[in-house]
$ cat query.tsv   # TSV, C-alpha atoms and all ligand atoms
chain	number	residue	atom	x	y	z
Y	1	MET	CA	-14.15	-25.84	-18.77
Y	2	ALA	CA	-13.03	-22.18	-19.06
Y	3	ASP	CA	-12.67	-20.69	-22.55
Y	4	LYS	CA	-9.16	-20.63	-23.99
Y	5	LEU	CA	-7.48	-17.69	-25.64
Y	6	THR	CA	-4.12	-17.18	-27.26
Y	7	LEU	CA	-1.59	-14.44	-26.68
Y	8	THR	CA	2.09	-13.82	-27.33
Y	9	LEU	CA	4.56	-14.09	-24.47
Y	10	ASP	CA	8.12	-12.99	-25.19
Y	11	GLY	CA	7.53	-13.66	-28.90
Y	12	GLN	CA	5.98	-17.10	-28.40
Y	13	GLU	CA	2.33	-17.91	-28.91
Y	14	VAL	CA	0.81	-19.42	-25.77
Y	15	SER	CA	-2.69	-20.28	-24.65
Y	16	ALA	CA	-4.42	-19.20	-21.46
Y	17	GLU	CA	-7.74	-19.62	-19.79
Y	18	GLN	CA	-10.20	-16.77	-19.57
Y	19	GLY	CA	-9.61	-14.99	-16.25
Y	20	GLN	CA	-6.01	-16.09	-15.76
Y	21	THR	CA	-3.62	-13.32	-14.78
Y	22	LEU	CA	-0.52	-12.56	-16.81
Y	23	LEU	CA	1.51	-13.77	-13.85
Y	24	GLU	CA	-0.20	-17.16	-13.89
Y	25	VAL	CA	0.26	-17.49	-17.64
Y	26	ALA	CA	3.90	-16.41	-17.44
Y	27	ARG	CA	4.71	-18.87	-14.66
Y	28	GLU	CA	2.89	-21.69	-16.41
Y	29	ASN	CA	5.17	-21.04	-19.35
Y	30	GLY	CA	8.35	-21.05	-17.32
Y	31	LYS	CA	8.89	-17.28	-17.13
Y	32	ASP	CA	10.52	-15.91	-14.02
Y	33	VAL	CA	8.40	-12.91	-13.04
Y	34	PRO	CA	9.48	-11.62	-9.61
Y	35	THR	CA	6.83	-10.73	-7.04
Y	36	ILE	CA	6.84	-9.26	-3.55
Y	37	CYS	CA	3.33	-8.25	-2.50
Y	38	PHE	CA	1.75	-11.19	-4.31
Y	39	HIS	CA	1.27	-14.35	-2.25
Y	40	GLU	CA	-0.80	-17.35	-3.27
Y	41	ALA	CA	-2.73	-17.22	0.00
Y	42	THR	CA	-3.71	-13.56	-0.26
Y	43	THR	CA	-5.70	-11.36	-2.62
Y	44	ALA	CA	-3.43	-9.62	-5.12
Y	45	ASN	CA	-3.61	-5.82	-4.92
Y	46	GLY	CA	-0.82	-4.78	-7.28
Y	47	LEU	CA	1.03	-2.79	-4.64
Y	48	CYS	CA	4.76	-3.35	-5.10
Y	49	ARG	CA	4.80	-3.20	-8.93
Y	50	LEU	CA	7.77	-5.57	-9.12
Y	51	CYS	CA	5.88	-7.98	-11.36
Y	52	VAL	CA	5.34	-5.40	-14.11
Y	53	VAL	CA	5.41	-6.52	-17.73
Y	54	GLU	CA	5.27	-4.65	-21.01
Y	55	VAL	CA	2.06	-5.05	-23.00
Y	56	GLU	CA	2.05	-3.77	-26.58
Y	57	GLY	CA	-0.31	-0.81	-26.99
Y	58	MET	CA	-0.50	-0.01	-23.29
Y	59	ARG	CA	0.97	3.28	-22.20
Y	60	VAL	CA	2.42	2.09	-18.90
Y	61	LEU	CA	3.84	-1.17	-17.60
Y	62	GLN	CA	1.21	-3.54	-16.26
Y	63	PRO	CA	1.28	-5.42	-12.93
Y	64	ALA	CA	1.15	-9.07	-14.01
Y	65	CYS	CA	-0.34	-10.25	-10.71
Y	66	ILE	CA	-3.64	-8.46	-11.31
Y	67	VAL	CA	-3.94	-7.89	-15.07
Y	68	GLU	CA	-5.78	-10.66	-16.86
Y	69	ALA	CA	-4.58	-12.21	-20.08
Y	70	ALA	CA	-6.57	-11.16	-23.14
Y	71	LYS	CA	-6.85	-12.47	-26.67
Y	72	ASP	CA	-3.95	-11.44	-28.94
Y	73	MET	CA	-2.10	-9.54	-26.21
Y	74	LYS	CA	1.62	-9.16	-26.87
Y	75	VAL	CA	3.52	-9.33	-23.61
Y	76	GLN	CA	7.21	-8.88	-22.81
Y	77	THR	CA	8.25	-10.18	-19.39
Y	78	ARG	CA	11.88	-9.11	-19.48
Y	79	SER	CA	12.27	-6.19	-21.87
Y	80	GLU	CA	14.73	-3.39	-21.19
Y	81	LYS	CA	11.92	-1.18	-19.87
Y	82	VAL	CA	10.71	-3.94	-17.55
Y	83	ASN	CA	14.21	-4.61	-16.25
Y	84	ARG	CA	14.80	-0.92	-15.59
Y	85	ALA	CA	11.52	-0.55	-13.69
Y	86	ARG	CA	12.16	-3.60	-11.51
Y	87	LYS	CA	15.73	-2.51	-10.82
Y	88	THR	CA	14.60	0.97	-9.78
Y	89	ILE	CA	11.89	-0.38	-7.45
Y	90	LEU	CA	14.43	-2.65	-5.78
Y	91	GLU	CA	16.92	0.22	-5.50
Y	92	MET	CA	14.29	2.42	-3.85
Y	93	LEU	CA	13.46	-0.35	-1.40
Y	94	ALA	CA	17.13	-0.96	-0.63
Y	95	SER	CA	17.63	2.76	0.07
Y	96	THR	CA	14.76	3.15	2.47
Y	97	MET	CA	14.44	-0.01	4.53
Y	98	ASP	CA	16.28	-2.92	6.07
Y	99	LEU	CA	16.30	-5.87	3.67
Y	100	SER	CA	18.96	-7.80	5.54
Y	101	GLU	CA	16.61	-10.70	6.30
Y	102	ALA	CA	14.74	-10.72	3.00
Y	103	ALA	CA	16.64	-13.51	1.25
Y	104	GLU	CA	14.35	-13.74	-1.79
Y	105	ILE	CA	14.50	-10.00	-2.38
Y	106	GLN	CA	18.27	-10.03	-2.02
Y	107	ALA	CA	18.39	-12.69	-4.75
Y	108	MET	CA	16.24	-10.46	-6.97
Y	109	MET	CA	18.58	-7.54	-6.31
Y	110	LYS	CA	21.47	-9.63	-7.54
Y	111	ASP	CA	19.53	-10.76	-10.59
Y	112	TYR	CA	18.68	-7.17	-11.57
Y	113	GLY	CA	22.14	-5.73	-10.84
Y	114	VAL	CA	20.84	-3.38	-8.18
Y	115	ASP	CA	23.01	-0.47	-7.04
Y	116	VAL	CA	22.16	-0.17	-3.34
Y	117	ASN	CA	23.74	3.30	-3.25
Y	118	ARG	CA	21.72	4.75	-6.10
Y	119	PHE	CA	19.64	6.98	-3.80
Y	120	PRO	CA	22.14	8.04	-1.11
Y	121	ASP	CA	19.91	10.85	0.23
Y	122	ALA	CA	16.87	8.65	0.73
Y	123	GLU	CA	15.39	8.75	4.22
Y	124	ARG	CA	15.41	5.31	5.78
Y	125	ARG	CA	12.45	3.94	7.71
Y	126	GLU	CA	13.90	3.40	11.16
Y	127	VAL	CA	11.52	2.68	13.99
Y	128	PRO	CA	11.98	0.80	17.29
Y	129	VAL	CA	11.05	-2.89	17.42
Y	130	LYS	CA	7.60	-3.46	18.90
Y	131	ASP	CA	7.84	-6.25	21.45
Y	132	ASP	CA	4.45	-6.32	23.12
Y	133	ASN	CA	3.21	-9.90	23.12
Y	134	PRO	CA	4.51	-13.43	23.81
Y	135	MET	CA	4.31	-14.72	20.23
Y	136	TYR	CA	5.96	-12.35	17.80
Y	137	ILE	CA	7.81	-9.08	17.44
Y	138	ARG	CA	7.16	-6.36	14.89
Y	139	ASP	CA	10.17	-4.64	13.37
Y	140	TYR	CA	8.72	-2.14	10.96
Y	141	SER	CA	12.16	-0.91	9.85
Y	142	LYS	CA	12.00	-4.08	7.76
Y	143	CYS	CA	8.45	-3.56	6.49
Y	144	LEU	CA	7.89	-2.83	2.81
Y	145	LEU	CA	4.13	-2.42	3.12
Y	146	CYS	CA	3.31	-5.44	1.03
Y	147	TRP	CA	0.01	-5.75	2.90
Y	148	ARG	CA	0.17	-9.55	3.14
Y	149	CYS	CA	-0.08	-9.58	6.95
Y	150	VAL	CA	-3.09	-7.27	6.91
Y	151	GLN	CA	-4.84	-9.48	4.40
Y	152	VAL	CA	-4.32	-12.81	6.17
Y	153	CYS	CA	-5.44	-11.14	9.39
Y	154	ALA	CA	-8.60	-10.05	7.58
Y	155	ASP	CA	-10.74	-11.64	4.88
Y	156	ASP	CA	-8.05	-13.82	3.29
Y	157	ALA	CA	-7.71	-16.11	6.30
Y	158	GLN	CA	-8.31	-15.25	9.91
Y	159	TYR	CA	-11.07	-12.63	9.97
Y	160	THR	CA	-9.64	-11.01	13.10
Y	161	TYR	CA	-8.82	-7.55	11.69
Y	162	ALA	CA	-6.16	-6.83	14.30
Y	163	LEU	CA	-3.71	-5.33	11.79
Y	164	ASN	CA	-4.23	-2.38	9.50
Y	165	PHE	CA	-2.25	0.58	8.29
Y	166	GLU	CA	-1.72	3.88	9.98
Y	167	GLY	CA	-0.46	7.22	8.71
Y	168	ARG	CA	-0.54	8.54	5.17
Y	169	GLY	CA	1.87	8.91	2.26
Y	170	TYR	CA	5.47	8.55	3.33
Y	171	GLU	CA	4.32	8.10	6.95
Y	172	THR	CA	2.18	5.07	6.11
Y	173	GLN	CA	3.03	2.01	8.14
Y	174	ILE	CA	1.41	-1.20	9.22
Y	175	GLY	CA	0.05	-1.13	12.72
Y	176	THR	CA	-2.96	-1.75	14.90
Y	177	PHE	CA	-6.05	0.39	15.30
Y	178	PHE	CA	-5.23	3.39	17.49
Y	179	ASP	CA	-1.71	1.96	17.79
Y	180	LYS	CA	-2.90	-0.43	20.52
Y	181	SER	CA	-0.52	-3.13	21.74
Y	182	ILE	CA	-1.24	-6.57	20.27
Y	183	PRO	CA	-2.83	-7.96	23.48
Y	184	GLU	CA	-5.28	-5.05	23.40
Y	185	THR	CA	-6.43	-5.89	19.88
Y	186	THR	CA	-8.52	-8.69	18.44
Y	187	CYS	CA	-5.32	-10.64	17.60
Y	188	VAL	CA	-5.59	-14.34	18.45
Y	189	LEU	CA	-1.84	-14.95	18.00
Y	190	CYS	CA	-2.47	-17.36	15.12
Y	191	GLY	CA	0.89	-16.51	13.53
Y	192	GLN	CA	-0.44	-16.34	9.97
Y	193	CYS	CA	0.92	-12.81	9.54
Y	194	VAL	CA	4.38	-14.00	10.56
Y	195	GLY	CA	4.11	-16.84	8.05
Y	196	VAL	CA	3.46	-14.57	5.06
Y	197	CYS	CA	5.84	-11.71	5.91
Y	198	PRO	CA	8.60	-11.69	3.25
Y	199	THR	CA	11.16	-9.57	5.08
Y	200	GLY	CA	11.44	-10.70	8.70
Y	201	ALA	CA	9.54	-7.63	9.88
Y	202	LEU	CA	7.27	-10.03	11.74
Y	203	LYS	CA	9.21	-12.69	13.55
Y	204	PRO	CA	8.49	-15.39	16.13
Y	205	LYS	CA	9.47	-14.11	19.57
Y	206	ARG	CA	11.59	-17.19	20.30
Y	207	GLU	CA	13.68	-16.65	17.16
Y	208	PHE	CA	14.08	-12.98	18.07
Y	209	LEU	CA	15.23	-13.81	21.62
Y	210	LEU	CA	17.71	-16.41	20.35
Y	211	GLU	CA	19.15	-13.77	18.02
Y	212	GLN	CA	19.42	-11.41	21.00
Y	213	GLY	CA	21.71	-13.97	22.63
Y	214	LEU	CA	19.30	-15.61	25.09
Y	215	SER	CA	19.71	-19.33	25.60
Y	216	PRO	CA	16.77	-21.75	25.08
Y	217	GLN	CA	16.73	-22.24	28.89
Y	218	GLU	CA	16.44	-18.52	29.55
Y	219	ILE	CA	13.63	-18.30	27.00
Y	220	SER	CA	11.77	-21.19	28.56
Y	221	VAL	CA	12.07	-19.53	32.01
Y	222	LEU	CA	10.59	-16.36	30.49
Y	223	ASN	CA	7.72	-18.37	29.01
Y	224	THR	CA	7.09	-20.31	32.21
Y	225	GLY	CA	7.11	-17.10	34.22
Y	226	ARG	CA	4.62	-15.61	31.82
Y	227	LYS	CA	2.29	-18.62	32.10
Y	228	ARG	CA	2.48	-18.52	35.92
Y	229	ARG	CA	1.72	-14.83	35.98
Y	230	LYS	CA	-1.28	-15.39	33.75
Y	231	ALA	CA	-2.64	-18.16	35.97
Y	232	LYS	CA	-2.62	-16.04	39.14
Y	233	PRO	CA	-5.59	-13.74	39.65
Y	234	THR	CA	-4.45	-10.20	40.43
G	1	LIG	S1	4.96	-6.52	8.21
G	1	LIG	FE1	5.72	-7.98	6.66
G	1	LIG	S2	3.86	-8.85	5.75
G	1	LIG	FE2	3.22	-6.99	6.86
G	1	LIG	S3	3.25	-5.38	5.30
G	1	LIG	FE3	5.24	-5.35	6.33
G	1	LIG	S4	6.59	-6.64	5.05
G	1	LIG	FE4	4.45	-7.10	4.47
G	2	LIG	S1	3.66	-8.69	-7.08
G	2	LIG	FE1	2.41	-7.67	-8.51
G	2	LIG	S2	2.34	-5.68	-7.80
G	2	LIG	FE2	3.44	-6.73	-6.24
$ encode --input "query.tsv" --output "C-alpha cells"
Amino acid sequence: MADKLTLTLDGQEVSAEQGQTLLEVARENGKDVPTICFHEATTANGLCRLCVVEVEGMRVLQPACIVEAAKDMKVQTRSEKVNRARKTILEMLASTMDLSEAAEIQAMMKDYGVDVNRFPDAERREVPVKDDNPMYIRDYSKCLLCWRCVQVCADDAQYTYALNFEGRGYETQIGTFFDKSIPETTCVLCGQCVGVCPTGALKPKREFLLEQGLSPQEISVLNTGRKRRKAKPT
C-alpha cells in the first residue's frame, strides 16, 4: 500500500497517497477543479493551465493535474487569484477561437463570469475545415491545442503517430506530418482522437454532413459510392 501523507486543502486537513496529483486529491475531496487538456485516458502535460491552484510558499500558481501532493502542503483551489487566472484563460480562449460546440467549457465560462469581449482586438484562429477522409473532419478554428488527440494517436493509445503539431508560437496548430491528407498518413481511422476532442474540432463525418443539411439517405449514397469506388481497380 502506498504511503499516506497529510496536507491542507481549502483549510481542511486531508490525506493523500504518495504520488497522487493535487487534482486527484482535490476531486477525491469533492472539489470542483476545472480541466481542459487533462483527460483520464491521456498523459497530463499541464498545457491549458485551467486547473491551477494556489500553494502556500510557491511563487506561481501550480497546475493541479501534474503537481503531486506533498506533506504539509497548503492548497487553495478557489482563491481570488485562482479564480482570476482561470477567468482570464477562458477569456483568452473565447477571444481567439470558436467554442460554440464546447459545452463543458461554456459551462466553465458561466461559472467564472467570463467576459467574452474582454480582448476585442484578439486575432481569431480561423482556418478552413479539413475534409479529407471518410471518417472525420478537422475544424481547427475550434482547436485549443489541448494535445489530447495527438496523445491518443501516439503512446497513450493507438501508436499510429498520424497527428502532431505544426508551426510555432502563435502559428502552432495540430496537423499531420508535412501537412499530408489523412489518407496519406499512418491514420487507421480508429476515431480515438474524435472521442477525446473537447471542442468539436474533430467530428465524425456523418454528424458533420447532417449538420450541413444532408439527409441520412444522401449520406448513405455518398458512403456506398465511396465503397464502390474503392472496390474497383483503377
Ligand atoms: S483537435 Fe481537439 S483534441 Fe486535438 S488538440 Fe485540438 S481541441 Fe484538442
Ligand atoms: S488541465 Fe491541468 S493544465 Fe490543463
$ atom_distance --input "query.tsv" --atom1 "CA of Asp111 (chain Y)" --atom2 "CA of Val194 (chain Y)"
26.2 Å
$ axis_aligned_box --input "query.tsv" --around "ligand LIG 1 (chain G)" --padding-each-side "8 Å" --output "AutoDock Vina command-line options"
--center_x 4.9 --center_y -7.1 --center_z 6.3 --size_x 19.4 --size_y 19.5 --size_z 19.7
$ closest_atom_pairs --input "query.tsv" --of "chain Y" --to "ligand LIG 2 (chain G)" --cutoff "10 Å" --atoms "only C-alpha atoms and all ligand atoms" --output "tab-separated table"
residue	atom	partner	partner_atom	distance
Y:Leu23	CA	G:LIG2	FE1	8.2
Y:Val33	CA	G:LIG2	S1	8.7
Y:Pro34	CA	G:LIG2	S1	7.0
Y:Thr35	CA	G:LIG2	S1	3.8
Y:Ile36	CA	G:LIG2	S1	4.8
Y:Cys37	CA	G:LIG2	FE2	4.0
Y:Phe38	CA	G:LIG2	S1	4.2
Y:His39	CA	G:LIG2	S1	7.8
Y:Ala44	CA	G:LIG2	FE1	7.0
Y:Asn45	CA	G:LIG2	S2	6.6
Y:Gly46	CA	G:LIG2	S2	3.3
Y:Leu47	CA	G:LIG2	S2	4.5
Y:Cys48	CA	G:LIG2	FE2	3.8
Y:Arg49	CA	G:LIG2	S2	3.7
Y:Leu50	CA	G:LIG2	FE2	5.3
Y:Cys51	CA	G:LIG2	FE1	4.5
Y:Val52	CA	G:LIG2	FE1	6.7
Y:Val53	CA	G:LIG2	FE1	9.8
Y:Gln62	CA	G:LIG2	S2	8.8
Y:Pro63	CA	G:LIG2	FE1	5.1
Y:Ala64	CA	G:LIG2	FE1	5.8
Y:Cys65	CA	G:LIG2	FE1	4.4
Y:Ile66	CA	G:LIG2	FE1	6.7
Y:Val67	CA	G:LIG2	FE1	9.1
Y:Cys146	CA	G:LIG2	FE2	7.4
Y:Trp147	CA	G:LIG2	FE2	9.8
$ closest_atom_pairs --input "query.tsv" --of "chain Y" --to "ligand LIG 1 (chain G)" --cutoff "9 Å" --atoms "all atoms listed in the file" --output "tab-separated table"
residue	atom	partner	partner_atom	distance
Y:Ile36	CA	G:LIG1	FE4	8.6
Y:Cys37	CA	G:LIG1	FE4	7.2
Y:Arg138	CA	G:LIG1	S1	7.0
Y:Asp139	CA	G:LIG1	S1	7.6
Y:Tyr140	CA	G:LIG1	S1	6.4
Y:Ser141	CA	G:LIG1	FE3	8.9
Y:Lys142	CA	G:LIG1	S4	6.6
Y:Cys143	CA	G:LIG1	FE3	3.7
Y:Leu144	CA	G:LIG1	S4	4.6
Y:Leu145	CA	G:LIG1	S3	3.8
Y:Cys146	CA	G:LIG1	FE4	4.0
Y:Trp147	CA	G:LIG1	S3	4.0
Y:Arg148	CA	G:LIG1	S2	4.6
Y:Cys149	CA	G:LIG1	S2	4.2
Y:Val150	CA	G:LIG1	FE2	6.3
Y:Gln151	CA	G:LIG1	FE2	8.8
Y:Leu163	CA	G:LIG1	FE2	8.7
Y:Phe165	CA	G:LIG1	S3	8.6
Y:Gln173	CA	G:LIG1	FE3	7.9
Y:Ile174	CA	G:LIG1	S3	6.0
Y:Gly175	CA	G:LIG1	S1	8.6
Y:Cys193	CA	G:LIG1	S2	6.2
Y:Val194	CA	G:LIG1	S2	7.1
Y:Gly195	CA	G:LIG1	S2	8.3
Y:Val196	CA	G:LIG1	S2	5.8
Y:Cys197	CA	G:LIG1	S2	3.5
Y:Pro198	CA	G:LIG1	S4	5.7
Y:Thr199	CA	G:LIG1	S4	5.4
Y:Gly200	CA	G:LIG1	FE1	6.7
Y:Ala201	CA	G:LIG1	S1	5.0
Y:Leu202	CA	G:LIG1	S1	5.5
$ closest_residue --input "query.tsv" --among "Y:Val114, Y:Ala70, Y:Arg59, Y:Lys31" --to "Arg86 (chain Y)" --atoms "only C-alpha atoms"
Y:Val114
$ closest_residue --input "query.tsv" --among "Y:Ala16, Y:Leu9, Y:Ala41, Y:Leu222" --to "Asp155 (chain Y)" --atoms "all atoms listed in the file"
Y:Ala41
$ residues_around --input "query.tsv" --residues "Leu5 (chain Y)" --least-positions-apart "4" --cutoff "7 Å" --atoms "all atoms listed in the file" --output "PDB file with C-alpha atoms, in the coordinates of the input"
ATOM      1  CA  SER Y  15      -2.690 -20.280 -24.650  1.00  0.00           C
ATOM      2  CA  ALA Y  16      -4.420 -19.200 -21.460  1.00  0.00           C
ATOM      3  CA  GLU Y  17      -7.740 -19.620 -19.790  1.00  0.00           C
ATOM      4  CA  GLN Y  18     -10.200 -16.770 -19.570  1.00  0.00           C
ATOM      5  CA  LYS Y  71      -6.850 -12.470 -26.670  1.00  0.00           C
TER       6      LYS Y  71
END
$ atom_distance --input "query.tsv" --atom1 "CA of Gly167 (chain Y)" --atom2 "CA of Ile137 (chain Y)"
20.3 Å
$ atom_distance --input "query.tsv" --atom1 "CA of Glu91 (chain Y)" --atom2 "CA of Asn29 (chain Y)"
28.0 Å
$ residues_around --input "query.tsv" --residues "Phe178 (chain Y)" --least-positions-apart "6" --cutoff "10 Å" --atoms "only C-alpha atoms" --output "PDB file with C-alpha atoms, in the coordinates of the input"
ATOM      1  CA  ASN Y 164      -4.230  -2.380   9.500  1.00  0.00           C
ATOM      2  CA  GLU Y 166      -1.720   3.880   9.980  1.00  0.00           C
ATOM      3  CA  THR Y 185      -6.430  -5.890  19.880  1.00  0.00           C
TER       4      THR Y 185
END
$ residues_around --input "query.tsv" --residues "region 117-123 of chain Y" --least-positions-apart "4" --cutoff "9 Å" --atoms "only C-alpha atoms" --output "ChimeraX atom specification"
/Y:88,91-92,94-97
$ closest_residue --input "query.tsv" --among "Y:Asp131, Y:Glu68, Y:Asp115, Y:Glu13" --to "Arg84 (chain Y)" --atoms "only C-alpha atoms"
Y:Asp115
$ residues_around --input "query.tsv" --residues "Glu184 (chain Y)" --least-positions-apart "6" --cutoff "12 Å" --atoms "only C-alpha atoms" --output "ChimeraX atom specification"
/Y:132-133,162-163,176-178
$ residues_near_point --input "query.tsv" --point "(12.6, -12.9, -21.7)" --cutoff "7 Å" --atoms "all atoms listed in the file" --output "list in words"
Asp10, Gln76, Thr77, Arg78 and Ser79 of chain Y
$ residues_around --input "query.tsv" --residues "Tyr161 (chain Y)" --least-positions-apart "3" --cutoff "8 Å" --atoms "only C-alpha atoms" --output "list in words"
Val150, Cys153, Ala154, Gln158, Asn164, Thr186 and Cys187 of chain Y
$ closest_residue --input "query.tsv" --among "Y:Glu54, Y:Glu101, Y:Glu171, Y:Asp32" --to "Glu80 (chain Y)" --atoms "only C-alpha atoms"
Y:Glu54
$ decode --input "query.tsv" --residues "region 134-158 of chain Y" --atoms "N, CA and C atoms" --output "CSV table (one decimal), in the first residue's frame"
chain,number,residue,atom,x,y,z
Y,134,PRO,N,-13.0,9.7,-45.1
Y,134,PRO,CA,-14.4,9.3,-44.9
Y,134,PRO,C,-15.0,9.3,-43.5
Y,135,MET,N,-14.1,9.4,-42.5
Y,135,MET,CA,-14.5,9.2,-41.1
Y,135,MET,C,-14.7,10.4,-40.3
Y,136,TYR,N,-13.8,11.4,-40.5
Y,136,TYR,CA,-14.0,12.6,-39.6
Y,136,TYR,C,-13.4,13.8,-40.3
Y,137,ILE,N,-14.0,15.0,-39.8
Y,137,ILE,CA,-13.5,16.3,-40.4
Y,137,ILE,C,-12.6,16.9,-39.3
Y,138,ARG,N,-11.8,17.8,-39.7
Y,138,ARG,CA,-10.9,18.6,-38.8
Y,138,ARG,C,-11.2,20.1,-38.9
Y,139,ASP,N,-11.7,20.7,-37.9
Y,139,ASP,CA,-12.1,22.1,-38.0
Y,139,ASP,C,-11.2,22.8,-36.9
Y,140,TYR,N,-10.0,23.2,-37.3
Y,140,TYR,CA,-9.1,23.7,-36.4
Y,140,TYR,C,-9.4,25.2,-35.9
Y,141,SER,N,-10.4,25.8,-36.4
Y,141,SER,CA,-10.9,27.0,-35.8
Y,141,SER,C,-11.4,26.8,-34.4
Y,142,LYS,N,-11.7,25.5,-34.2
Y,142,LYS,CA,-12.3,25.1,-32.9
Y,142,LYS,C,-11.2,24.4,-32.0
Y,143,CYS,N,-10.0,24.4,-32.4
Y,143,CYS,CA,-9.0,23.7,-31.7
Y,143,CYS,C,-8.3,24.6,-30.7
Y,144,LEU,N,-8.2,24.1,-29.4
Y,144,LEU,CA,-7.5,24.9,-28.4
Y,144,LEU,C,-6.1,24.3,-28.0
Y,145,LEU,N,-5.6,23.4,-28.9
Y,145,LEU,CA,-4.3,22.8,-28.7
Y,145,LEU,C,-4.2,22.1,-27.4
Y,146,CYS,N,-5.2,21.3,-27.0
Y,146,CYS,CA,-5.1,20.6,-25.7
Y,146,CYS,C,-4.2,19.4,-25.8
Y,147,TRP,N,-3.9,18.9,-27.1
Y,147,TRP,CA,-3.0,17.9,-27.3
Y,147,TRP,C,-3.5,16.5,-27.1
Y,148,ARG,N,-4.8,16.4,-26.7
Y,148,ARG,CA,-5.4,15.1,-26.4
Y,148,ARG,C,-5.3,14.1,-27.6
Y,149,CYS,N,-5.7,14.7,-28.8
Y,149,CYS,CA,-5.8,13.9,-30.0
Y,149,CYS,C,-4.4,13.3,-30.3
Y,150,VAL,N,-3.4,14.2,-30.2
Y,150,VAL,CA,-2.0,13.8,-30.5
Y,150,VAL,C,-1.6,12.6,-29.6
Y,151,GLN,N,-2.0,12.7,-28.4
Y,151,GLN,CA,-1.5,11.7,-27.4
Y,151,GLN,C,-2.2,10.4,-27.6
Y,152,VAL,N,-3.6,10.4,-27.9
Y,152,VAL,CA,-4.2,9.1,-28.1
Y,152,VAL,C,-3.7,8.5,-29.4
Y,153,CYS,N,-3.4,9.3,-30.3
Y,153,CYS,CA,-2.9,8.8,-31.6
Y,153,CYS,C,-1.5,8.2,-31.4
Y,154,ALA,N,-0.8,8.6,-30.4
Y,154,ALA,CA,0.6,8.2,-30.1
Y,154,ALA,C,0.6,7.2,-28.9
Y,155,ASP,N,1.5,7.4,-28.0
Y,155,ASP,CA,1.8,6.4,-27.0
Y,155,ASP,C,0.7,6.2,-26.0
Y,156,ASP,N,-0.3,7.0,-25.9
Y,156,ASP,CA,-1.4,6.8,-24.9
Y,156,ASP,C,-2.4,5.8,-25.3
Y,157,ALA,N,-2.5,5.5,-26.6
Y,157,ALA,CA,-3.5,4.5,-27.1
Y,157,ALA,C,-3.1,3.8,-28.3
Y,158,GLN,N,-3.1,4.5,-29.4
Y,158,GLN,CA,-3.1,3.8,-30.7
Y,158,GLN,C,-1.7,3.6,-31.4
